[in-house]
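One structure is given here, and the rest of the page talks about it.
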Amino acid sequence: MSDEKRKPTPEEKAAAAAEARAKAEALRKLREQEAQASQEASQVEPSQEPQEEVSAPDAKPVSEMTPEEKAAAKKAAAAEAIAKAKAAKEQAEAASPPTKSVSEMTPEEKAAAKKAAAAEAIAKAKAAKEQAEASPTSAKPVSEMTPEEKAAAKKAAAAEALAKAKAAKEAKEAAENGADTADSDADAKAKAAAAAKAKAAAAAAAKAKAAREAGGDESGDDDAKAKAAAAAKAKAAAAAAAKAKAAQATGDESPAEEAPKAPSKNQPYLDKYVSRISNAFGQEVIEASYINELGKEVPTLTIQNERWHQVAQFLKDDEQLSFEYLSDLHGVDYEDRLEVYYHFYSYKNRQSLAVKVKTSREESKVASVMDLWHGANWNERETFDLLGIHFPGHKDLRRILLPDDWVGYPLRKDYVQYDEEV
């Protein structure tokens, strides 16, 4: 097993924890020393002035110093504070135990190192911010400063801005490293869960196979039922996923109620047909009217059987309708009734219309429109031949596909073949 994949021992975990505690303690001490040094440098009391001036018998108090002497004293105090901070940092680094290289670390150690680096960066940023806030600002307004004081103030402001930018950058990098670590942990957990699920499925399959081999037909039925149930469950899950994906594509996190559909572009034509026929024959002559969304959004009407021939004549002769062409005619068996379906087209208006006329199965008849549209001749004969719908008014209603002595109507759903197959 490679070093990257093996799990850390309890001793290694304890060592890593001790190392982290030591680094945190050293960092805390370093921040305290830096804060103390900056405070000492800002006060610049006589006891903290450069050694040569303290030992001098004629050392001046701060109130009697010239601006040049004050600036020199501040520089000396700042240099002393920086030296102390550097020494404390070197001492902390020397106290920390040696760390492993990244290539030698286990995944757990890498994650711990990333977290420790992130915490250290955040602590540095916080210390820099506190130091910047603790550093004294110039008591004098800019208009009263000497050129040397103005230059020193500009340098201090530039250094403070640089420190803030560096701290912000380190904090951002630490946050990104922490996010990467969290993502890698989540990915590892997901992979482990998927592996466990696959292992459980394989075990279940092996168990089912063994039971089937041992139990014979009965276990085979159970296995078939289990497979059918699993297929149904998978189908339902796929449907739910598709629905969720569609909701996400529209921008909704939770599926909301479907918006009402926009009216069809052919709705005005349907309203026109209904209005013209209702005005001529009354509203009761139209049993149903709708847009057939499954048939190219064709306006569709269901007309009363008894009034059909009159309405058909009106559809052809009316100036505003002018359905002079019958493109199709066929019958349909719905078990509880039979229907004749007509398709009309108006070359004048460039519009289509579909009409349904219902009839009973026992006495199936619909008035012939052969006298209005001669193309209905063979279509009505075919419907009569295969479904047994009679068309009163047809001039030559007889079978067109089957012989005259054929028994029954093959397209009816209750059709039973009379003779044996050849």
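Here's how to read the names in the structure tokens: chain A, B, ... by the order shown, residue numbers from 1 in each chain, ligand numbers from 1 in the order shown.
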Open item on the list: Using only C-alpha atoms, which protein or nucleic acid residues come within 12 Å of Glu306 in chain A? Drop anything in the same chain fewer than 5 positions from it, and give the result as JSON, numbers by chain.
Closed with: {"A": [284, 285, 286, 287, 311, 312, 357, 358, 359, 365, 366, 367, 368, 392]}
TODO: Write out as a PyMOL selection string which residues come within 12 Å of Ala280 in chain A when counting only C-alpha atoms, dropping same-chain ones fewer than 5 positions away.
DONE: chain A and resi 273-275+285-286+307+310-311+313-315+318
Limited to N, CA, C and O atoms, could you put the picked residues into a file as a PDB file, in the first residue's frame?
```
ATOM      1  N   TYR A 273     -66.461  29.591 -37.586  1.00  0.00           N
ATOM      2  CA  TYR A 273     -67.277  28.477 -38.065  1.00  0.00           C
ATOM      3  C   TYR A 273     -68.455  28.224 -37.111  1.00  0.00           C
ATOM      4  O   TYR A 273     -69.595  28.012 -37.546  1.00  0.00           O
ATOM      5  N   VAL A 274     -68.157  28.232 -35.820  1.00  0.00           N
ATOM      6  CA  VAL A 274     -69.209  27.991 -34.828  1.00  0.00           C
ATOM      7  C   VAL A 274     -70.284  29.069 -34.924  1.00  0.00           C
ATOM      8  O   VAL A 274     -71.500  28.780 -34.870  1.00  0.00           O
ATOM      9  N   SER A 275     -69.862  30.319 -35.073  1.00  0.00           N
ATOM     10  CA  SER A 275     -70.821  31.412 -35.142  1.00  0.00           C
ATOM     11  C   SER A 275     -71.706  31.300 -36.386  1.00  0.00           C
ATOM     12  O   SER A 275     -72.946  31.456 -36.303  1.00  0.00           O
ATOM     13  N   VAL A 285     -77.005  22.211 -32.830  1.00  0.00           N
ATOM     14  CA  VAL A 285     -76.546  21.361 -33.931  1.00  0.00           C
ATOM     15  C   VAL A 285     -75.067  21.012 -33.782  1.00  0.00           C
ATOM     16  O   VAL A 285     -74.602  20.020 -34.337  1.00  0.00           O
ATOM     17  N   ILE A 286     -74.335  21.816 -33.007  1.00  0.00           N
ATOM     18  CA  ILE A 286     -72.897  21.561 -32.773  1.00  0.00           C
ATOM     19  C   ILE A 286     -72.756  20.874 -31.422  1.00  0.00           C
ATOM     20  O   ILE A 286     -72.992  21.482 -30.373  1.00  0.00           O
ATOM     21  N   ARG A 307     -78.821  16.289 -38.623  1.00  0.00           N
ATOM     22  CA  ARG A 307     -78.727  17.557 -39.350  1.00  0.00           C
ATOM     23  C   ARG A 307     -77.491  17.615 -40.236  1.00  0.00           C
ATOM     24  O   ARG A 307     -77.207  18.673 -40.820  1.00  0.00           O
ATOM     25  N   GLN A 310     -77.641  18.838 -44.084  1.00  0.00           N
ATOM     26  CA  GLN A 310     -77.937  20.258 -44.211  1.00  0.00           C
ATOM     27  C   GLN A 310     -76.709  21.119 -43.882  1.00  0.00           C
ATOM     28  O   GLN A 310     -76.407  22.094 -44.569  1.00  0.00           O
ATOM     29  N   VAL A 311     -76.017  20.721 -42.796  1.00  0.00           N
ATOM     30  CA  VAL A 311     -74.819  21.465 -42.415  1.00  0.00           C
ATOM     31  C   VAL A 311     -73.743  21.315 -43.480  1.00  0.00           C
ATOM     32  O   VAL A 311     -73.022  22.273 -43.805  1.00  0.00           O
ATOM     33  N   GLN A 313     -74.142  20.892 -46.698  1.00  0.00           N
ATOM     34  CA  GLN A 313     -74.507  21.779 -47.789  1.00  0.00           C
ATOM     35  C   GLN A 313     -74.128  23.229 -47.474  1.00  0.00           C
ATOM     36  O   GLN A 313     -73.615  23.964 -48.328  1.00  0.00           O
ATOM     37  N   PHE A 314     -74.354  23.639 -46.228  1.00  0.00           N
ATOM     38  CA  PHE A 314     -74.030  25.004 -45.805  1.00  0.00           C
ATOM     39  C   PHE A 314     -72.520  25.247 -45.836  1.00  0.00           C
ATOM     40  O   PHE A 314     -72.052  26.325 -46.228  1.00  0.00           O
ATOM     41  N   LEU A 315     -71.728  24.244 -45.394  1.00  0.00           N
ATOM     42  CA  LEU A 315     -70.265  24.384 -45.399  1.00  0.00           C
ATOM     43  C   LEU A 315     -69.733  24.629 -46.812  1.00  0.00           C
ATOM     44  O   LEU A 315     -68.766  25.366 -47.003  1.00  0.00           O
ATOM     45  N   ASP A 318     -71.847  28.363 -48.343  1.00  0.00           N
ATOM     46  CA  ASP A 318     -71.758  29.657 -47.668  1.00  0.00           C
ATOM     47  C   ASP A 318     -70.544  30.434 -48.178  1.00  0.00           C
ATOM     48  O   ASP A 318     -69.430  29.904 -48.299  1.00  0.00           O
TER      49      ASP A 318
END
```
Task: Given only C-alpha atoms as the counted atoms, nearest of A:Glu363, A:Glu380, A:Ala156, A:Pro410 to Lys395 in chain A - done: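 That would be A:Glu380, the residue with the smallest distance to Lys395 in chain A.
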TODO: Find the residues near Ala71 in chain A: any atom within 9 Å, counting only C-alpha atoms, skip ones fewer than 4 places away on the same chain, and give them as a list in words.
DONE: Thr66, Pro67, Lys75, Ala76, Glu148, Glu149 and Ala152 of chain A
Open item on the list: Can you measure CA of Glu25 in chain A to CA of Thr9 in chain A for me? One decimal in Å is fine.
Closed with: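 Rounded to one decimal, the two atoms are 24.6 Å apart.
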- [ ] Quick one: pull the distance between CA of Gly393 in chain A and CA of Val340 in chain A, Å, one decimal.
- [x]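 Separation between CA of Gly393 in chain A and CA of Val340 in chain A: 15.5 Å.
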Open item on the list: If I take CA of Leu338 in chain A and CA of Ala288 in chain A, how far is one from the other in Å, to one decimal?
Closed with: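 Interatomic distance here is 16.1 Å.
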TODO: Return the single residue from A:Phe323, A:Phe344, A:Tyr415, A:Trp308 that is closest to Phe391 in chain A, with distances computed using only C-alpha atoms.
DONE: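 Answer, going by the shortest atom-to-atom distance: A:Trp308.
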TODO: Check the smallest atom-to-atom distance from each of A:Lys23, A:His330, A:Lys356, A:Lys243 to Ala113 in chain A using only C-alpha atoms, then report the winner.
DONE: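 Once distances to Ala113 in chain A are computed over only C-alpha atoms, the minimum belongs to A:Lys23.
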Please identify all polymer residues within 10 Å of Leu321 in chain A, counting only C-alpha atoms, omitting same-chain residues fewer than 5 positions from it, and present them as an mmCIF file with N, CA, C and O atoms, in the first residue's frame.
```cif
data_model
loop_
_atom_site.group_PDB
_atom_site.id
_atom_site.type_symbol
_atom_site.label_atom_id
_atom_site.label_comp_id
_atom_site.auth_asym_id
_atom_site.auth_seq_id
_atom_site.Cartn_x
_atom_site.Cartn_y
_atom_site.Cartn_z
ATOM 1 N N TYR A 269 -60.584 31.181 -36.449
ATOM 2 C CA TYR A 269 -61.319 30.496 -37.513
ATOM 3 C C TYR A 269 -62.389 29.565 -36.919
ATOM 4 O O TYR A 269 -63.523 29.504 -37.430
ATOM 5 N N LYS A 272 -65.283 31.522 -35.839
ATOM 6 C CA LYS A 272 -66.049 31.957 -37.016
ATOM 7 C C LYS A 272 -66.977 30.851 -37.500
ATOM 8 O O LYS A 272 -68.168 31.082 -37.768
ATOM 9 N N TYR A 273 -66.461 29.591 -37.586
ATOM 10 C CA TYR A 273 -67.277 28.477 -38.065
ATOM 11 C C TYR A 273 -68.455 28.224 -37.111
ATOM 12 O O TYR A 273 -69.595 28.012 -37.546
ATOM 13 N N ARG A 276 -71.116 30.979 -37.555
ATOM 14 C CA ARG A 276 -71.886 30.908 -38.792
ATOM 15 C C ARG A 276 -72.908 29.756 -38.745
ATOM 16 O O ARG A 276 -74.068 29.916 -39.109
ATOM 17 N N ILE A 277 -72.453 28.587 -38.257
ATOM 18 C CA ILE A 277 -73.354 27.424 -38.220
ATOM 19 C C ILE A 277 -74.433 27.618 -37.170
ATOM 20 O O ILE A 277 -75.611 27.272 -37.383
ATOM 21 N N PHE A 314 -74.354 23.639 -46.228
ATOM 22 C CA PHE A 314 -74.030 25.004 -45.805
ATOM 23 C C PHE A 314 -72.520 25.247 -45.836
ATOM 24 O O PHE A 314 -72.052 26.325 -46.228
ATOM 25 N N LEU A 315 -71.728 24.244 -45.394
ATOM 26 C CA LEU A 315 -70.265 24.384 -45.399
ATOM 27 C C LEU A 315 -69.733 24.629 -46.812
ATOM 28 O O LEU A 315 -68.766 25.366 -47.003
ATOM 29 N N LYS A 316 -70.363 24.025 -47.773
ATOM 30 C CA LYS A 316 -69.880 24.177 -49.150
ATOM 31 C C LYS A 316 -70.378 25.471 -49.793
ATOM 32 O O LYS A 316 -69.615 26.151 -50.503
ATOM 33 N N TYR A 345 -61.291 21.399 -47.080
ATOM 34 C CA TYR A 345 -60.334 22.493 -47.319
ATOM 35 C C TYR A 345 -60.988 23.546 -48.195
ATOM 36 O O TYR A 345 -61.695 23.222 -49.160
ATOM 37 N N SER A 346 -60.738 24.835 -47.854
ATOM 38 C CA SER A 346 -61.250 25.962 -48.620
ATOM 39 C C SER A 346 -60.092 26.622 -49.357
ATOM 40 O O SER A 346 -59.209 27.222 -48.727
ATOM 41 N N LYS A 348 -60.453 29.097 -51.296
ATOM 42 C CA LYS A 348 -60.734 30.528 -51.276
ATOM 43 C C LYS A 348 -60.146 31.184 -50.025
ATOM 44 O O LYS A 348 -59.507 32.239 -50.096
ATOM 45 N N ASN A 349 -60.360 30.557 -48.874
ATOM 46 C CA ASN A 349 -59.883 31.116 -47.599
ATOM 47 C C ASN A 349 -58.573 30.515 -47.117
ATOM 48 O O ASN A 349 -58.027 30.965 -46.110
ATOM 49 N N GLN A 351 -58.080 27.611 -45.659
ATOM 50 C CA GLN A 351 -58.284 27.109 -44.303
ATOM 51 C C GLN A 351 -58.812 25.684 -44.336
ATOM 52 O O GLN A 351 -59.416 25.253 -45.326
ATOM 53 N N LEU A 353 -60.828 22.334 -42.134
ATOM 54 C CA LEU A 353 -61.859 22.041 -41.145
ATOM 55 C C LEU A 353 -62.047 20.537 -41.069
ATOM 56 O O LEU A 353 -62.043 19.854 -42.103
#
```
